[in-house]
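Data file: my_file_8.pdb. Format and content: PDB, C-alpha atoms and all ligand atoms.
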```
ATOM      1  CA  MET A 989      71.304-158.939  58.140
ATOM      2  CA  LYS A 990      70.843-158.289  61.828
ATOM      3  CA  GLN A 991      74.191-157.715  63.461
ATOM      4  CA  GLY A 992      75.734-156.315  66.581
ATOM      5  CA  PHE A 993      78.903-156.585  68.603
ATOM      6  CA  ILE A 994      79.921-157.125  72.185
ATOM      7  CA  VAL A 995      82.781-155.027  73.546
ATOM      8  CA  VAL A 996      85.109-156.314  76.254
ATOM      9  CA  ASN A 997      87.959-154.449  77.912
ATOM     10  CA  ALA A 998      90.920-153.754  75.619
ATOM     11  CA  TYR A 999      93.298-155.569  77.955
ATOM     12  CA  THR A1000      91.154-158.590  78.797
ATOM     13  CA  SER A1001      93.261-161.707  78.944
ATOM     14  CA  SER A1002      91.524-164.222  81.213
ATOM     15  CA  GLU A1003      89.178-166.904  79.901
ATOM     16  CA  HIS A1004      86.867-166.208  82.861
ATOM     17  CA  GLU A1005      86.109-162.697  81.589
ATOM     18  CA  LEU A1006      84.966-164.176  78.285
ATOM     19  CA  ASN A1007      82.151-166.284  79.786
ATOM     20  CA  GLN A1008      79.702-163.395  79.888
ATOM     21  CA  PRO A1009      80.207-162.219  76.276
ATOM     22  CA  ARG A1010      80.145-165.805  75.007
ATOM     23  CA  ARG A1011      76.835-166.556  76.708
ATOM     24  CA  LEU A1012      75.325-163.357  75.285
ATOM     25  CA  LYS A1013      76.647-164.110  71.820
ATOM     26  CA  GLU A1014      75.157-167.599  72.011
ATOM     27  CA  GLU A1015      71.696-166.271  72.886
ATOM     28  CA  LEU A1016      71.804-163.428  70.341
ATOM     29  CA  THR A1017      72.878-165.878  67.654
ATOM     30  CA  ALA A1018      69.928-168.102  68.575
ATOM     31  CA  LEU A1019      67.681-165.106  67.832
ATOM     32  CA  GLY A1020      69.236-164.718  64.381
ATOM     33  CA  VAL A1021      71.613-161.851  65.156
ATOM     34  CA  ARG A1022      75.185-162.103  63.962
ATOM     35  CA  THR A1023      77.301-161.084  66.945
ATOM     36  CA  ASP A1024      81.042-160.524  67.233
ATOM     37  CA  ILE A1025      83.014-160.271  70.460
ATOM     38  CA  VAL A1026      85.652-157.553  70.154
ATOM     39  CA  LYS A1027      88.174-155.820  72.380
ATOM     40  CA  ASN A1028      87.686-152.130  72.956
ATOM     41  CA  SER A1029      89.513-150.024  70.389
ATOM     42  CA  PRO A1030      89.184-146.683  68.574
ATOM     43  CA  LYS A1031      88.734-148.781  65.413
ATOM     44  CA  LEU A1032      85.256-149.774  66.631
ATOM     45  CA  LEU A1033      84.070-146.281  65.732
ATOM     46  CA  GLU A1034      84.397-147.261  62.063
ATOM     47  CA  ARG A1035      82.443-150.506  62.422
ATOM     48  CA  ALA A1036      79.017-151.381  61.093
ATOM     49  CA  GLY A1037      76.331-152.844  63.335
ATOM     50  CA  ASP A1038      72.861-152.246  64.727
ATOM     51  CA  PHE A1039      73.918-152.139  68.387
ATOM     52  CA  CYS A1040      76.776-152.562  70.803
ATOM     53  CA  VAL A1041      76.678-154.517  74.066
ATOM     54  CA  TYR A1042      79.260-152.712  76.124
ATOM     55  CA  LEU A1043      80.810-154.933  78.792
ATOM     56  CA  ASP A1044      83.714-152.570  79.421
ATOM     57  CA  LYS A1045      83.641-149.725  81.937
ATOM     58  CA  ASP A1046      85.674-147.209  79.941
ATOM     59  CA  LYS A1047      83.249-144.300  79.980
ATOM     60  CA  TYR A1048      85.021-142.199  77.361
ATOM     61  CA  MET A1049      84.866-144.900  74.693
ATOM     62  CA  ALA A1050      81.280-145.599  75.785
ATOM     63  CA  TYR A1051      80.257-142.013  75.073
ATOM     64  CA  LEU A1052      82.104-142.064  71.729
ATOM     65  CA  LEU A1053      80.498-145.346  70.640
ATOM     66  CA  GLU A1054      77.092-144.098  71.705
ATOM     67  CA  ARG A1055      77.260-141.379  69.060
ATOM     68  CA  LYS A1056      76.924-144.126  66.500
ATOM     69  CA  PHE A1057      75.363-147.181  68.139
ATOM     70  CA  ARG A1058      72.596-147.998  70.600
ATOM     71  CA  LEU A1059      74.679-148.988  73.603
ATOM     72  CA  PHE A1060      73.617-151.636  76.130
ATOM     73  CA  ASN A1061      73.895-150.303  78.815
ATOM     74  CA  ARG A1062      73.860-146.626  77.952
ATOM     75  CA  ALA A1063      77.063-144.659  78.613
ATOM     76  CA  LYS A1064      75.521-142.420  81.280
ATOM     77  CA  SER A1065      74.154-145.424  83.188
ATOM     78  CA  ILE A1066      77.549-147.131  83.108
ATOM     79  CA  GLU A1067      79.274-143.996  84.349
ATOM     80  CA  ILE A1068      76.879-143.587  87.284
ATOM     81  CA  CYS A1069      77.049-147.240  88.336
ATOM     82  CA  ASP A1070      80.814-147.396  88.124
ATOM     83  CA  ASP A1071      81.129-144.654  90.767
ATOM     84  CA  LYS A1072      79.537-145.586  94.099
ATOM     85  CA  MET A1073      79.140-141.972  95.218
ATOM     86  CA  LEU A1074      77.462-140.974  91.937
ATOM     87  CA  THR A1075      75.134-143.956  92.344
ATOM     88  CA  TYR A1076      74.268-142.876  95.875
ATOM     89  CA  LEU A1077      73.454-139.355  94.646
ATOM     90  CA  ALA A1078      71.417-140.544  91.672
ATOM     91  CA  LEU A1079      69.351-142.774  93.959
ATOM     92  CA  SER A1080      68.323-139.927  96.249
ATOM     93  CA  GLY A1081      64.952-140.816  97.810
ATOM     94  CA  PHE A1082      65.544-144.590  97.695
ATOM     95  CA  PRO A1083      66.319-146.471 100.928
ATOM     96  CA  GLN A1084      70.107-146.525 101.268
ATOM     97  CA  PRO A1085      72.553-146.699 104.186
ATOM     98  CA  LYS A1086      73.514-143.268 105.565
ATOM     99  CA  THR A1087      76.542-142.097 103.595
ATOM    100  CA  VAL A1088      79.238-139.423 103.961
ATOM    101  CA  SER A1089      81.372-138.405 100.975
ATOM    102  CA  SER A1090      85.154-138.045 101.218
ATOM    103  CA  LEU A1091      86.745-134.686 100.390
ATOM    104  CA  LEU A1092      88.957-134.118  97.390
ATOM    105  CA  CYS A1093      92.631-133.734  98.326
ATOM    106  CA  TYR A1094      95.026-132.658  95.571
ATOM    107  CA  THR A1095      98.252-133.053  97.476
ATOM    108  CA  GLU A1096      99.914-136.089  98.977
ATOM    109  CA  GLY A1097     100.990-136.645 102.555
ATOM    110  CA  LYS A1098      98.318-134.525 104.288
ATOM    111  CA  ALA A1099      96.390-135.664 107.360
ATOM    112  CA  PRO A1100      92.693-136.327 106.690
ATOM    113  CA  SER A1101      90.331-133.484 107.638
ATOM    114  CA  GLY A1102      89.234-133.699 111.288
ATOM    115  CA  GLU A1103      85.748-132.466 110.352
ATOM    116  CA  LEU A1104      85.499-135.237 107.796
ATOM    117  CA  LEU A1105      86.505-137.871 110.364
ATOM    118  CA  ASP A1106      83.956-136.435 112.823
ATOM    119  CA  ALA A1107      81.221-136.713 110.199
ATOM    120  CA  ALA A1108      82.245-140.294 109.447
ATOM    121  CA  GLU A1109      82.319-141.142 113.141
ATOM    122  CA  SER A1110      78.751-139.878 113.551
ATOM    123  CA  LEU A1111      77.699-142.970 111.556
ATOM    124  CA  GLY A1112      78.819-145.080 114.544
ATOM    125  CA  TYR A1113      81.355-147.929 114.762
ATOM    126  CA  PRO A1114      81.987-150.196 113.083
ATOM    127  CA  LEU A1115      81.523-148.283 109.856
ATOM    128  CA  VAL A1116      82.024-149.179 106.219
ATOM    129  CA  VAL A1117      84.481-147.406 103.932
ATOM    130  CA  LYS A1118      84.247-147.869 100.162
ATOM    131  CA  GLU A1119      86.373-146.577  97.374
ATOM    132  CA  CYS A1120      84.109-145.050  94.725
ATOM    133  CA  PHE A1121      85.687-147.264  92.079
ATOM    134  CA  GLY A1122      85.900-150.869  93.146
ATOM    135  CA  SER A1123      84.371-154.272  92.619
ATOM    136  CA  LEU A1124      84.279-157.849  93.903
ATOM    137  CA  GLY A1125      84.346-156.515  97.470
ATOM    138  CA  LYS A1126      88.037-155.697  97.208
ATOM    139  CA  GLN A1127      87.795-151.959  97.860
ATOM    140  CA  VAL A1128      85.267-152.221 100.720
ATOM    141  CA  TYR A1129      86.539-152.024 104.305
ATOM    142  CA  LEU A1130      85.235-152.096 107.870
ATOM    143  CA  VAL A1131      86.765-149.806 110.511
ATOM    144  CA  ASN A1132      86.254-150.273 114.248
ATOM    145  CA  ASN A1133      87.649-147.153 115.904
ATOM    146  CA  ARG A1134      89.132-143.681 115.376
ATOM    147  CA  GLU A1135      92.629-145.050 114.966
ATOM    148  CA  GLU A1136      91.632-147.361 112.115
ATOM    149  CA  LEU A1137      89.485-144.592 110.635
ATOM    150  CA  PHE A1138      92.460-142.233 110.606
ATOM    151  CA  ALA A1139      94.804-144.838 109.136
ATOM    152  CA  LEU A1140      92.464-145.874 106.308
ATOM    153  CA  SER A1141      91.445-142.276 105.547
ATOM    154  CA  SER A1142      95.135-141.358 105.281
ATOM    155  CA  GLN A1143      95.730-144.258 102.936
ATOM    156  CA  LEU A1144      92.772-143.286 100.697
ATOM    157  CA  LEU A1145      93.411-139.551 100.928
ATOM    158  CA  ASN A1146      93.970-138.993  97.203
ATOM    159  CA  LYS A1147      91.209-141.277  95.985
ATOM    160  CA  PRO A1148      87.442-140.715  95.919
ATOM    161  CA  TYR A1149      85.698-142.835  98.552
ATOM    162  CA  LEU A1150      82.781-142.793 100.979
ATOM    163  CA  TYR A1151      81.920-143.682 104.556
ATOM    164  CA  GLN A1152      78.771-145.640 105.202
ATOM    165  CA  GLU A1153      76.635-146.791 108.079
ATOM    166  CA  PHE A1154      77.257-150.506 108.698
ATOM    167  CA  ILE A1155      73.982-152.426 108.377
ATOM    168  CA  LYS A1156      74.793-155.040 110.986
ATOM    169  CA  GLU A1157      71.622-157.093 110.447
ATOM    170  CA  SER A1158      72.967-157.724 106.949
ATOM    171  CA  ALA A1159      76.534-158.643 107.948
ATOM    172  CA  GLY A1160      77.772-161.395 105.648
ATOM    173  CA  ARG A1161      74.610-161.522 103.559
ATOM    174  CA  ASP A1162      72.853-159.632 100.801
ATOM    175  CA  LEU A1163      70.387-160.203  97.969
ATOM    176  CA  ARG A1164      71.594-159.929  94.386
ATOM    177  CA  VAL A1165      68.713-159.102  92.043
ATOM    178  CA  ILE A1166      68.982-159.105  88.252
ATOM    179  CA  VAL A1167      66.836-156.620  86.332
ATOM    180  CA  VAL A1168      66.512-156.948  82.552
ATOM    181  CA  GLY A1169      64.415-154.618  80.416
ATOM    182  CA  GLY A1170      62.660-153.191  83.478
ATOM    183  CA  LYS A1171      61.772-156.556  85.066
ATOM    184  CA  ALA A1172      63.396-158.173  88.093
ATOM    185  CA  ILE A1173      63.832-161.688  86.721
ATOM    186  CA  ALA A1174      66.091-163.495  89.184
ATOM    187  CA  ALA A1175      67.510-163.253  92.680
ATOM    188  CA  MET A1176      70.195-164.963  94.665
ATOM    189  CA  LYS A1177      70.912-164.637  98.344
ATOM    190  CA  ARG A1178      74.631-164.514  99.043
ATOM    191  CA  THR A1179      75.974-165.528 102.430
ATOM    192  CA  SER A1180      79.507-165.521 103.787
ATOM    193  CA  GLN A1181      80.513-167.295 106.988
ATOM    194  CA  THR A1182      83.883-165.576 107.126
ATOM    195  CA  ASP A1183      83.486-161.945 106.049
ATOM    196  CA  PHE A1184      80.970-159.079 106.350
ATOM    197  CA  ARG A1185      81.161-158.845 102.565
ATOM    198  CA  SER A1186      79.083-161.486 100.811
ATOM    199  CA  ASN A1187      80.728-161.236  97.366
ATOM    200  CA  ALA A1188      81.095-164.643  95.722
ATOM    201  CA  GLU A1189      84.711-163.781  94.928
ATOM    202  CA  LEU A1190      85.405-163.557  98.690
ATOM    203  CA  GLY A1191      83.706-166.834  99.534
ATOM    204  CA  GLY A1192      80.006-165.841  99.605
ATOM    205  CA  LYS A1193      77.747-168.782  98.723
ATOM    206  CA  GLY A1194      74.753-168.263  96.436
ATOM    207  CA  GLU A1195      71.273-169.635  97.000
ATOM    208  CA  ALA A1196      68.326-169.188  94.619
ATOM    209  CA  MET A1197      65.527-166.968  95.917
ATOM    210  CA  LEU A1198      62.146-166.006  94.529
ATOM    211  CA  VAL A1199      62.053-162.301  93.760
ATOM    212  CA  ASP A1200      59.613-161.041  96.391
ATOM    213  CA  GLU A1201      57.383-158.093  95.588
ATOM    214  CA  GLY A1202      59.308-155.646  97.770
ATOM    215  CA  ALA A1203      62.637-156.455  96.135
ATOM    216  CA  ALA A1204      61.109-156.450  92.633
ATOM    217  CA  ASN A1205      59.418-153.062  93.041
ATOM    218  CA  LEU A1206      62.512-151.482  94.548
ATOM    219  CA  CYS A1207      64.948-152.896  91.999
ATOM    220  CA  GLU A1208      62.760-152.126  88.990
ATOM    221  CA  ALA A1209      62.424-148.521  90.173
ATOM    222  CA  VAL A1210      66.194-148.267  90.698
ATOM    223  CA  ALA A1211      66.916-149.629  87.202
ATOM    224  CA  GLU A1212      64.443-147.162  85.740
ATOM    225  CA  ARG A1213      65.943-144.197  87.623
ATOM    226  CA  LEU A1214      69.393-145.094  86.307
ATOM    227  CA  GLY A1215      68.199-145.886  82.762
ATOM    228  CA  LEU A1216      69.628-149.420  82.844
ATOM    229  CA  ASP A1217      68.798-152.113  80.306
ATOM    230  CA  TYR A1218      70.500-154.710  82.466
ATOM    231  CA  CYS A1219      71.885-154.690  85.985
ATOM    232  CA  GLY A1220      72.579-156.650  89.147
ATOM    233  CA  ILE A1221      71.520-154.826  92.291
ATOM    234  CA  ASP A1222      72.886-155.681  95.743
ATOM    235  CA  LEU A1223      70.277-155.215  98.482
ATOM    236  CA  LEU A1224      71.070-155.201 102.191
ATOM    237  CA  TYR A1225      68.658-156.573 104.771
ATOM    238  CA  GLY A1226      67.791-153.573 106.989
ATOM    239  CA  THR A1227      65.541-153.692 110.059
ATOM    240  CA  LYS A1228      62.845-151.788 108.151
ATOM    241  CA  GLY A1229      63.255-153.580 104.831
ATOM    242  CA  TYR A1230      65.691-153.626 101.977
ATOM    243  CA  LEU A1231      68.363-150.987 101.439
ATOM    244  CA  VAL A1232      70.136-150.446  98.130
ATOM    245  CA  CYS A1233      73.816-151.253  98.567
ATOM    246  CA  GLU A1234      75.153-151.146  95.043
ATOM    247  CA  VAL A1235      74.133-151.259  91.387
ATOM    248  CA  ASN A1236      76.331-153.214  88.964
ATOM    249  CA  SER A1237      75.769-152.283  85.332
ATOM    250  CA  ASN A1238      78.048-155.123  84.225
ATOM    251  CA  ALA A1239      77.051-157.724  86.831
ATOM    252  CA  PHE A1240      78.406-161.196  86.078
ATOM    253  CA  PHE A1241      75.559-163.649  85.706
ATOM    254  CA  GLY A1242      77.460-166.955  85.486
ATOM    255  CA  THR A1243      77.027-168.027  89.110
ATOM    256  CA  LEU A1244      73.491-166.689  89.247
ATOM    257  CA  GLU A1245      72.444-168.613  86.130
ATOM    258  CA  ARG A1246      73.919-171.784  87.616
ATOM    259  CA  VAL A1247      72.308-171.310  91.029
ATOM    260  CA  THR A1248      68.859-170.095  89.919
ATOM    261  CA  LYS A1249      68.629-172.039  86.610
ATOM    262  CA  ILE A1250      67.277-168.848  85.047
ATOM    263  CA  ASN A1251      68.570-168.014  81.589
ATOM    264  CA  VAL A1252      69.654-164.417  82.149
ATOM    265  CA  ALA A1253      71.577-164.162  78.874
ATOM    266  CA  ALA A1254      68.476-165.169  76.872
ATOM    267  CA  ALA A1255      66.360-162.560  78.664
ATOM    268  CA  TYR A1256      68.968-159.885  77.905
ATOM    269  CA  ALA A1257      69.235-160.982  74.259
ATOM    270  CA  ARG A1258      65.443-160.766  73.890
ATOM    271  CA  HIS A1259      65.428-157.302  75.457
ATOM    272  CA  ILE A1260      68.141-156.102  73.082
ATOM    273  CA  CYS A1261      66.231-157.405  70.059
ATOM    274  CA  ARG A1262      62.982-155.813  71.237
ATOM    275  CA  GLU A1263      64.742-152.468  71.625
ATOM    276  CA  VAL A1264      66.713-152.532  68.378
ATOM    277  CA  TYR A1265      64.321-154.329  66.047
ATOM    278  CA  LYS A1266      61.069-152.804  67.285
ATOM    279  CA  ASN A1267      58.959-154.741  64.803
ATOM    280  CA  GLY A1268      59.867-158.055  66.330
ATOM    281  CA  ILE A1269      62.691-160.532  66.379
TER     282      ILE A1269
HETATM  283  N1  LIG A1301      76.723-150.522 104.478
HETATM  284  C1  LIG A1301      76.930-151.848 104.517
HETATM  285  N2  LIG A1301      76.536-152.586 105.606
HETATM  286  C2  LIG A1301      76.750-153.930 105.650
HETATM  287  N3  LIG A1301      77.357-154.630 104.663
HETATM  288  C3  LIG A1301      77.762-153.954 103.565
HETATM  289  C4  LIG A1301      77.564-152.534 103.434
HETATM  290  N4  LIG A1301      78.061-152.155 102.249
HETATM  291  C5  LIG A1301      78.544-153.264 101.663
HETATM  292  N5  LIG A1301      78.374-154.355 102.437
HETATM  293  C6  LIG A1301      78.793-155.731 102.097
HETATM  294  O1  LIG A1301      79.967-155.655 101.295
HETATM  295  C7  LIG A1301      79.720-156.207  99.996
HETATM  296  C8  LIG A1301      80.466-155.412  98.945
HETATM  297  O2  LIG A1301      79.976-154.076  98.886
HETATM  298  P1  LIG A1301      79.525-153.404  97.523
HETATM  299  O3  LIG A1301      79.108-152.006  97.841
HETATM  300  O4  LIG A1301      78.518-154.253  96.843
HETATM  301  O5  LIG A1301      80.885-153.311  96.705
HETATM  302  P2  LIG A1301      81.491-154.209  95.503
HETATM  303  O6  LIG A1301      81.379-153.355  94.299
HETATM  304  O7  LIG A1301      82.906-154.433  95.836
HETATM  305  O8  LIG A1301      80.667-155.474  95.403
HETATM  306  C9  LIG A1301      78.205-156.200  99.845
HETATM  307  O9  LIG A1301      77.788-157.207  98.960
HETATM  308  C10 LIG A1301      77.730-156.443 101.269
HETATM  309  O10 LIG A1301      77.775-157.836 101.580
HETATM  310 MG    MG A1302      78.596-155.593  95.152
END
```

Here is a file; write its structure as structure tokens.
Ligand SMILES: Nc1ncnc2c1ncn2[C@@H]1O[C@H](COP(=O)(O)OP(=O)(O)O)[C@@H](O)[C@H]1O
Ligand SMILES: [Mg+2]
Amino acid sequence: MKQGFIVVNAYTSSEHELNQPRRLKEELTALGVRTDIVKNSPKLLERAGDFCVYLDKDKYMAYLLERKFRLFNRAKSIEICDDKMLTYLALSGFPQPKTVSSLLCYTEGKAPSGELLDAAESLGYPLVVKECFGSLGKQVYLVNNREELFALSSQLLNKPYLYQEFIKESAGRDLRVIVVGGKAIAAMKRTSQTDFRSNAELGGKGEAMLVDEGAANLCEAVAERLGLDYCGIDLLYGTKGYLVCEVNSNAFFGTLERVTKINVAAAYARHICREVYKNGI
């Protein structure tokens, strides 16, 4: 019997977080694959199954599970996407906003390095600050002057983060593109009237878009570079074309499926079956 399992975070409690795994299970079941949704646990290492769809971000368990199962996405891809600075580095050569890395500080209560603040300031004001680990727009900030730069840098001193050129043409809007199995299959423009961040969770409204050739070529190349089976890529609208803002290895597709009427879960399920059961579904 064909069987696999979908892993969610060990401490998941909200119904909302179960939408994604349930949709995937539904589409995998329709293809004749028995699929269980399970919370992350060391016990999974003793399980049977042909594959594991890993919707958690715990990289250590991902690497452990990958010793035994084909993981969707792969552990390395998840690790790179979860860390915005690692993503920036891995996408060297792709169009991206100019970026300056923070400096590791072991001790608490220090003032941020003046040379670091100078480098950040060279990006011009306002500038964007992002924690390396963050999502839903919550750990992304805009700073307008040296005072705010100093205050935020002091606050983030002991965390990894980055400074980034603010792409003002893209303020309050971006393009979310879904890539499955190497193909850009759906896109949604997100626009916010109230915030420079267009995340749906902060009030950004989604609108279905055709995936234009430029966005498709860029996003398919990005997914290939990062070895992703599935991802949602955020593109910014630069003056000279798209810039890669962020790559989400676990992008939620609920809103996008509703807005675009494209069955993302079915496309992902088909990709998984093609990969795992090479001789057909
Ligand atoms: N350099 C930038 N210039 C302009 N807007 C940006 C920039 N970086 C991020 N944004 C806006 O902030 C949003 C959140 O940033 P993102 O890097 O995607 O982090 P998150 O993981 O929280 O979604 C983006 O969708 C975009 O609207
Ligand atoms: Mg984003």

**Message:** Using all atoms listed in the file, which protein or nucleic acid residues come within 9 Å of Pro1100 (chain A)? Drop anything in the same chain fewer than 6 positions from it, and give the result as a PyMOL selection string.
**Reply:** chain A and resi 1091+1093+1138+1141-1142+1145

**Prompt:** Hey, which of A:Ile1155, A:Ala1196, A:Leu1053, A:Leu1104 ends up closest to ligand LIG 1301 (chain A)? Count only C-alpha atoms and all ligand atoms.
**Reply:** A:Ile1155

**Request:** Tell me which residues the PyMOL selection byres (((chain A and resi 1226) around 10) and not hetatm) grabs here, as a list in words.
**Result:** Pro1083, Gln1084, Pro1085, Ile1155, Lys1156, Glu1157, Ser1158, Leu1223, Leu1224, Tyr1225, Thr1227, Lys1228, Gly1229, Tyr1230, Leu1231 and Val1232 of chain A

Just want the residues within 9 Å of ligand LIG 1301 (chain A), written as a short mmCIF file (atom, residue, chain, number, x, y, z; two decimals) with C-alpha atoms, in the coordinates of the input, counting all atoms listed in the file.
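Saved result, pocket.cif, follows:
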```
data_model
loop_
_atom_site.label_atom_id
_atom_site.label_comp_id
_atom_site.auth_asym_id
_atom_site.auth_seq_id
_atom_site.Cartn_x
_atom_site.Cartn_y
_atom_site.Cartn_z
CA ASP A 1070 80.81 -147.40 88.12
CA LYS A 1072 79.54 -145.59 94.10
CA GLN A 1084 70.11 -146.52 101.27
CA PRO A 1085 72.55 -146.70 104.19
CA LYS A 1086 73.51 -143.27 105.56
CA THR A 1087 76.54 -142.10 103.60
CA LEU A 1115 81.52 -148.28 109.86
CA VAL A 1116 82.02 -149.18 106.22
CA VAL A 1117 84.48 -147.41 103.93
CA LYS A 1118 84.25 -147.87 100.16
CA GLU A 1119 86.37 -146.58 97.37
CA CYS A 1120 84.11 -145.05 94.72
CA PHE A 1121 85.69 -147.26 92.08
CA GLY A 1122 85.90 -150.87 93.15
CA SER A 1123 84.37 -154.27 92.62
CA LEU A 1124 84.28 -157.85 93.90
CA GLY A 1125 84.35 -156.51 97.47
CA LYS A 1126 88.04 -155.70 97.21
CA GLN A 1127 87.80 -151.96 97.86
CA VAL A 1128 85.27 -152.22 100.72
CA TYR A 1129 86.54 -152.02 104.30
CA LEU A 1130 85.24 -152.10 107.87
CA TYR A 1151 81.92 -143.68 104.56
CA GLN A 1152 78.77 -145.64 105.20
CA GLU A 1153 76.64 -146.79 108.08
CA PHE A 1154 77.26 -150.51 108.70
CA ILE A 1155 73.98 -152.43 108.38
CA LYS A 1156 74.79 -155.04 110.99
CA GLU A 1157 71.62 -157.09 110.45
CA SER A 1158 72.97 -157.72 106.95
CA ALA A 1159 76.53 -158.64 107.95
CA GLY A 1160 77.77 -161.40 105.65
CA ARG A 1161 74.61 -161.52 103.56
CA ASP A 1162 72.85 -159.63 100.80
CA LEU A 1163 70.39 -160.20 97.97
CA ARG A 1164 71.59 -159.93 94.39
CA ARG A 1178 74.63 -164.51 99.04
CA THR A 1179 75.97 -165.53 102.43
CA SER A 1180 79.51 -165.52 103.79
CA ASP A 1183 83.49 -161.94 106.05
CA PHE A 1184 80.97 -159.08 106.35
CA ARG A 1185 81.16 -158.84 102.56
CA SER A 1186 79.08 -161.49 100.81
CA ASN A 1187 80.73 -161.24 97.37
CA ALA A 1188 81.10 -164.64 95.72
CA GLY A 1192 80.01 -165.84 99.60
CA ILE A 1221 71.52 -154.83 92.29
CA ASP A 1222 72.89 -155.68 95.74
CA LEU A 1223 70.28 -155.22 98.48
CA LEU A 1224 71.07 -155.20 102.19
CA TYR A 1225 68.66 -156.57 104.77
CA GLY A 1226 67.79 -153.57 106.99
CA LEU A 1231 68.36 -150.99 101.44
CA CYS A 1233 73.82 -151.25 98.57
CA GLU A 1234 75.15 -151.15 95.04
CA VAL A 1235 74.13 -151.26 91.39
CA ASN A 1236 76.33 -153.21 88.96
#
```

**Request:** Between CA of Ala1239 (chain A) and CA of Phe1082 (chain A), measure the distance and give it in Å to one decimal.
**Result:**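 Value for the CA of Ala1239 (chain A)-CA of Phe1082 (chain A) distance: 20.6 Å.
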
Written as a PDB file with C-alpha atoms, in the frame of the given file, which residues does the PyMOL selection byres (((chain A and resi 1073) around 8) and not hetatm) give for the file shown?
```
ATOM      1  CA  ASP A1071      81.129-144.654  90.767  1.00  0.00           C
ATOM      2  CA  LYS A1072      79.537-145.586  94.099  1.00  0.00           C
ATOM      3  CA  LEU A1074      77.462-140.974  91.937  1.00  0.00           C
ATOM      4  CA  THR A1075      75.134-143.956  92.344  1.00  0.00           C
ATOM      5  CA  TYR A1076      74.268-142.876  95.875  1.00  0.00           C
ATOM      6  CA  LEU A1077      73.454-139.355  94.646  1.00  0.00           C
ATOM      7  CA  SER A1089      81.372-138.405 100.975  1.00  0.00           C
ATOM      8  CA  CYS A1120      84.109-145.050  94.725  1.00  0.00           C
ATOM      9  CA  TYR A1149      85.698-142.835  98.552  1.00  0.00           C
ATOM     10  CA  LEU A1150      82.781-142.793 100.979  1.00  0.00           C
TER      11      LEU A1150
END
```

**Asked** Which polymer residues, protein or nucleic acid, are no farther than 6 Å from (75.9, -167.0, 80.1), counting all atoms listed in the file, as a PyMOL selection string?
**Response** chain A and resi 1008+1011+1242+1253

**Message:** I'd like the contact shell of Ala1036 (chain A) - 10 Å cut-off, only C-alpha atoms, skipping same-chain residues fewer than 6 positions apart - returned as a list in words.
**Reply:** Gln991, Gly992, Phe993, Lys1056 and Phe1057 of chain A

**Message:** Residues near region 1197-1205 of chain A, anyone? I mean within 7 Å using all atoms listed in the file, not counting same-chain ones fewer than 5 positions away, as a PyMOL selection string.
**Reply:** chain A and resi 1172+1174-1177

**Request:** Find the residue from A:Ser1090, A:Phe1241, A:Leu1019, A:Lys1249 that sits nearest to Leu1006 (chain A); use all atoms listed in the file when measuring.
**Result:**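 For Leu1006 (chain A), the nearest of the given residues is A:Phe1241.
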
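Of note, CA of Met989 (chain A) and CA of Gly1020 (chain A) are spaced 8.8 Å apart.
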
**Complete:** In terms of all atoms listed in the file, the residue from A:Cys1069, A:Ile1173, A:Leu1140, A:Leu1092 at minimal distance from ligand MG 1302 (chain A) is A:Cys1069

**Prompt:** Nearest to Tyr1094 (chain A): which of A:Val1026, A:Leu1190, A:Pro1148, A:Gly1220 is it, counting only C-alpha atoms?
**Reply:**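 Comparing A:Val1026, A:Leu1190, A:Pro1148, A:Gly1220 against Tyr1094 (chain A), the winner is A:Pro1148.
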
**Request:** For CA of Thr1017 (chain A) and CA of Glu1005 (chain A), quote the distance in Å rounded to one decimal.
**Result:**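 So the answer is 19.5 Å.
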
Write out as JSON an axis-aligned box for region 989-997 of chain A: all of its atoms listed in the file, 4 Å added on each side, centre and edge lengths in Å with one decimal.
```
{"center_x": 79.4, "center_y": -156.7, "center_z": 68.0, "size_x": 25.1, "size_y": 12.5, "size_z": 27.8}
```

**Message:** Taking all atoms listed in the file into account, name the residue in A:Val1252, A:Val1165, A:Ile994, A:Leu1111 that is nearest to Tyr1042 (chain A).
**Reply:** A:Ile994

**Request:** List, as an MDAnalysis selection string, every residue that the PyMOL selection byres (((chain A and resi 1217) around 6) and not hetatm) selects in the file provided.
**Result:** chainID A and resid 1061 1168:1169 1216 1218

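Between Asn1251 (chain A) and the candidates A:Ile1166, A:Pro1030, A:Ala1099, A:Asp1044, the tightest atom-to-atom separation, counting all atoms listed in the file, involves A:Ile1166.
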
**Message:** So that I can check the surroundings of Glu1263 (chain A), please list as a ChimeraX atom specification every protein, DNA and RNA residue that reaches within 12 Å of it, counting all atoms listed in the file and ignoring chain neighbours fewer than 3 positions away.
**Reply:** /A:1038-1039,1058-1061,1168-1169,1217,1256-1260,1266-1269

Place N, CA and C atoms on region 1033-1037 of chain A and deliver the coordinates as an mmCIF file, in the coordinates of the input.
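Contents of result.cif, as written:
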```
data_model
loop_
_atom_site.group_PDB
_atom_site.id
_atom_site.type_symbol
_atom_site.label_atom_id
_atom_site.label_comp_id
_atom_site.auth_asym_id
_atom_site.auth_seq_id
_atom_site.Cartn_x
_atom_site.Cartn_y
_atom_site.Cartn_z
ATOM 1 N N LEU A 1033 84.877 -147.418 66.172
ATOM 2 C CA LEU A 1033 84.070 -146.281 65.732
ATOM 3 C C LEU A 1033 83.813 -146.322 64.222
ATOM 4 N N GLU A 1034 84.595 -147.143 63.522
ATOM 5 C CA GLU A 1034 84.397 -147.261 62.063
ATOM 6 C C GLU A 1034 83.571 -148.485 61.694
ATOM 7 N N ARG A 1035 83.154 -149.237 62.663
ATOM 8 C CA ARG A 1035 82.443 -150.506 62.422
ATOM 9 C C ARG A 1035 81.005 -150.310 61.983
ATOM 10 N N ALA A 1036 80.459 -151.366 61.375
ATOM 11 C CA ALA A 1036 79.017 -151.381 61.093
ATOM 12 C C ALA A 1036 78.342 -152.254 62.145
ATOM 13 N N GLY A 1037 77.063 -152.019 62.364
ATOM 14 C CA GLY A 1037 76.331 -152.844 63.335
ATOM 15 C C GLY A 1037 75.101 -152.110 63.817
#
```
